[in-house]
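Heads up: the structure comes next, in structure tokens.
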Amino acid sequence: MWTSWWLWPLVAICTADQFRDEAERIMQDTPVIDGHNDLPWQLLNLFNNQLQDERANLTTLAQTHTNIPKLKAGFVGGQFWSAYVPCDTQDKDAVRRTLEQIDVIHRMCQMYPETFVCVTNSTGIRQAFQEGRVASLVGVEGGHSIDSSLGVLRALYHLGMRYLTLTHNCNTPWADNWLVDTGDDKAQSQGLSPFGETVVKEMNRLGIMIDLAHVSVATMKAALQLSKAPVIFSHSSAYSLCAHRRNVPDDVLQLVKQTGSLVMVNFYNDYVSCKSEANLSQVADHLDYVKNVAGAEAVGFGGDYDGVTRVPSGLEDVSKYPDLVAELLRRQWTEAEVRGVLAGNLLRVFEAVEQASDHTQTPEEEPISLDKLVASCRTNYGYSEAPSLHCQPGSLLVSLTLLLLSLCLQ
């Protein structure tokens with residue numbers, strides 16, 4: 001007994017190395033496609049999107065979860081970069097700022113062509129794998145970015161948007177967000193409004209993946225039932241393991257299974273452990289859970305790197321994906337299941353969305369009702385015979401009051 005006791009740590013180390021080596025072997029030809037990375041938002045915050053600033057060099061950038069060496073070490077072969085703008089841009093400059101974030105993604109590809117290649121379809125992803133470059137795609141995070149306009153939705157598609165998260169942490173005039181389920185926001189659309197249903201149909205027609213991260217449960221169910229193609233949760237985890245309303249409950253996971261949809265598990269501590277601290281093993285627990293409830297083909301990675309402040313120990317940045325894959329192998333995931341979670345499952349959904357699209361079909365045209373466009377001043381061309389400015393009564397009253405006060409003070 002005494003002679004063999006000291007061998008156990010060596011056996012454990014050798015076994016760990018075996019799984020890590022196996023992970024790297026698999027990832028050599030099936031690299032990670034991650035569903036959500038907020039590096040573009042960090043580039044705005046840190047450098048105002050000035051990529052030629054020497055501090056913004058993506059080869060040496062140190063204060064982010066993501067840079068080029070880390071991507072290579074993590075075997076990242078496909079990335080949906082988030083074109084995110086906050087909810088306080090809604091009814092203001094959301095469209096302009098979204099265009100700027102899409103632009104910075106395009107410029108990343110232009111500035112680092114040996115590393116990134118901007119693609120817009122599943123074929124492009126596969127080609128990037130063969131070239132050893134990171135297939136870079138645009139995901140727009142929040143329906144407020146289209147300003148309730150089907151025309152803007154179509155324009156963003158033509159600029160490369162291949163998924164749209166229907167809401168962020170705020171309702172749009174046509175879809176409810178997850179804070180409705182906590183009671184912090186009031187339901188406005190009871191899931192999707194009639195115009196919200198039109199948005200979903202137009203996304204199907206165009207070939208834009210519907211992303212249900214951040215939406216309310218009612219919105220999840222409405223979109224899953226309406227969409228003609230599978231949908232994704234680009235960065236959400238399992239509600240049964242962490243009862244946070246950003247996560248996906250079991251009855252929705254059943255709909256995910258029935259529709260061939262995809263949950264790309266989020267690494268944010270608060271959604272993994274419901275605490276400020278979490279670890280790699282707990283992320284693997286979420287992957288296991290989604291696999292067991294919805295099937296191995298329903299699981300992906302949606303790290304949310306550079307969009308969150310706390311990530312699990314063992315998953316400190318994008319270089320750590322091989323360690324997570326090694327943990328799945330340790331848990332007896334088959335090689336086919338691992339290749340699915342890495343890339344195959346997302347490619348399957350993306351291809352199904354492409355196949356369901358039909359650009360010969362007449363586009364959806366009916367605009368949102370003018371009375372749904374609240375809390376802002378905007379022109380209403382097309383809604384009436386004479387062009388005018390549409391303002392809420394309160395906004396007009398405030399403006400008139402300020403004008404009268406200025407006159408009195410003169």
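In the structure tokens, each chain is lettered A, B, ... as it comes, each chain's residues begin at 1, and ligands are numbered from 1 in order of appearance.
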
Check region 92-274 of chain A with DSSP on the backbone and list each residue it calls strand (DSSP E), as JSON, numbers by chain.
-> {"A": [116, 117, 118, 134, 135, 136, 137, 138, 139, 140, 141, 161, 162, 163, 164, 165, 209, 210, 211, 232, 233, 262, 263, 264, 265]}

Enumerate, in order of chain and increasing residue number, the residues of region 182-212 of chain A with an atom no farther than 6 Å from region 143-167 of chain A, each with its shortest atom pair and distance in Å to one decimal, counting only C-alpha atoms, as a tab-separated table.
residue	atom	partner	partner_atom	distance
A:Ile208	CA	A:Arg162	CA	4.8
A:Met209	CA	A:Tyr163	CA	4.4
A:Ile210	CA	A:Leu164	CA	5.8
A:Asp211	CA	A:Thr165	CA	4.3
A:Leu212	CA	A:Thr165	CA	5.9

Could the residues in this selection be saved with C-alpha atoms as a short mmCIF file (atom, residue, chain, number, x, y, z; two decimals), in the first residue's frame?
data_model
loop_
_atom_site.label_atom_id
_atom_site.label_comp_id
_atom_site.auth_asym_id
_atom_site.auth_seq_id
_atom_site.Cartn_x
_atom_site.Cartn_y
_atom_site.Cartn_z
CA ILE A 208 -30.56 36.13 -39.77
CA MET A 209 -30.31 33.91 -36.71
CA ILE A 210 -32.76 34.83 -33.96
CA ASP A 211 -30.91 35.22 -30.66
CA LEU A 212 -32.96 34.82 -27.48
#

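Contact shell of region 73-76 of chain A at 7 Å (only C-alpha atoms; same-chain neighbours under 6 positions omitted): Met27, Pro31, Val32, Ile33, Val134, Val318, Ser319, Lys320, Tyr321 and Pro322 of chain A.
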
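For the atom pair formed by CA of Leu99 (chain A) and CA of Ala222 (chain A), the distance is 28.3 Å, given to one decimal.
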
For region 56-108 of chain A versus region 363-375 of chain A, which residues have an atom no more than 12 Å away, and what is each residue's nearest atom pair and distance in Å rounded to one decimal, using only C-alpha atoms, chain-then-number order, as JSON lines?
{"residue": "A:Asp88", "atom": "CA", "partner": "A:Ala375", "partner_atom": "CA", "distance": 11.7}
{"residue": "A:Thr89", "atom": "CA", "partner": "A:Ala375", "partner_atom": "CA", "distance": 11.9}
{"residue": "A:Gln90", "atom": "CA", "partner": "A:Ala375", "partner_atom": "CA", "distance": 9.4}
{"residue": "A:Asp91", "atom": "CA", "partner": "A:Ala375", "partner_atom": "CA", "distance": 7.3}
{"residue": "A:Lys92", "atom": "CA", "partner": "A:Ala375", "partner_atom": "CA", "distance": 9.8}

Please identify every residue of region 23-80 of chain A that has at least one atom no farther than 10 Å from an atom of region 247-267 of chain A, counting only C-alpha atoms, and for each give the shortest atom pair and the distance in Å to one decimal, arranged by chain then increasing number, as JSON lines.
{"residue": "A:Ile33", "atom": "CA", "partner": "A:Met264", "partner_atom": "CA", "distance": 10.0}
{"residue": "A:Asp34", "atom": "CA", "partner": "A:Met264", "partner_atom": "CA", "distance": 7.9}
{"residue": "A:Gly35", "atom": "CA", "partner": "A:Met264", "partner_atom": "CA", "distance": 6.4}
{"residue": "A:His36", "atom": "CA", "partner": "A:Met264", "partner_atom": "CA", "distance": 8.7}

May I have all residues of region 13-141 of chain A that DSSP, computed from the backbone, assigns to helix (DSSP H, G or I), given as a PyMOL selection string?
-> chain A and resi 13-29+39-47+54-56+68-73+87-89+94-111+122-131

Near Arg339 (chain A), counting only C-alpha atoms, which residues have an atom at most 12 Å away, once you skip same-chain residues fewer than 5 positions from it, shown as an NGL selection string?
-> :A and (22-33 or 296-297 or 299-301 or 325 or 328-329 or 333-334 or 344-348)

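Counting from CA of Glu114 (chain A), the distance to CA of Arg133 (chain A) is 6.8 Å.
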
May I have the residues within 9 Å of region 175-177 of chain A as a list in words, using only C-alpha atoms and disregarding those fewer than 3 positions away in the same chain?
-> Gly143, Leu166, Thr167, His168, Asn169, Cys170, Asn171, Thr172, Val180, Asp181, Asp185, Lys186, Ala187, Gln188, Ser189, Gln190, Gly191, Leu192, Ser193, Phe195, Gly196, His214, Val215, Ser216, Val217, Ala218 and Thr219 of chain A

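Considering only C-alpha atoms, the residue among A:Glu351, A:Glu141, A:Glu337, A:Asp306 positioned nearest to Gln63 (chain A) is A:Asp306.
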
Can you tell me which residues surround Ala229 (chain A) at a distance of at most 7 Å, considering only C-alpha atoms, apart from same-chain residues fewer than 5 positions away, and format the answer as a PDB file with N, CA and C atoms, in the first residue's frame?
ATOM      1  N   ASN A 204     -36.253  35.409 -40.605  1.00  0.00           N
ATOM      2  CA  ASN A 204     -36.291  34.110 -41.285  1.00  0.00           C
ATOM      3  C   ASN A 204     -36.095  34.275 -42.781  1.00  0.00           C
ATOM      4  N   ALA A 352     -29.178  25.639 -41.351  1.00  0.00           N
ATOM      5  CA  ALA A 352     -30.639  25.523 -41.381  1.00  0.00           C
ATOM      6  C   ALA A 352     -31.291  26.888 -41.568  1.00  0.00           C
ATOM      7  N   VAL A 353     -30.726  27.912 -40.929  1.00  0.00           N
ATOM      8  CA  VAL A 353     -31.238  29.280 -41.093  1.00  0.00           C
ATOM      9  C   VAL A 353     -31.046  29.737 -42.538  1.00  0.00           C
ATOM     10  N   ALA A 356     -33.572  28.025 -44.770  1.00  0.00           N
ATOM     11  CA  ALA A 356     -34.940  28.510 -44.586  1.00  0.00           C
ATOM     12  C   ALA A 356     -35.147  29.900 -45.174  1.00  0.00           C
TER      13      ALA A 356
END

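Counting from CA of His286 (chain A), the distance to CA of Val272 (chain A) is 7.4 Å.
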
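In terms of minimum interatomic distance to Gln127 (chain A), A:Gly78 ranks closest within A:Gly340, A:Gly78, A:Pro194, A:Gly303, counting only C-alpha atoms.
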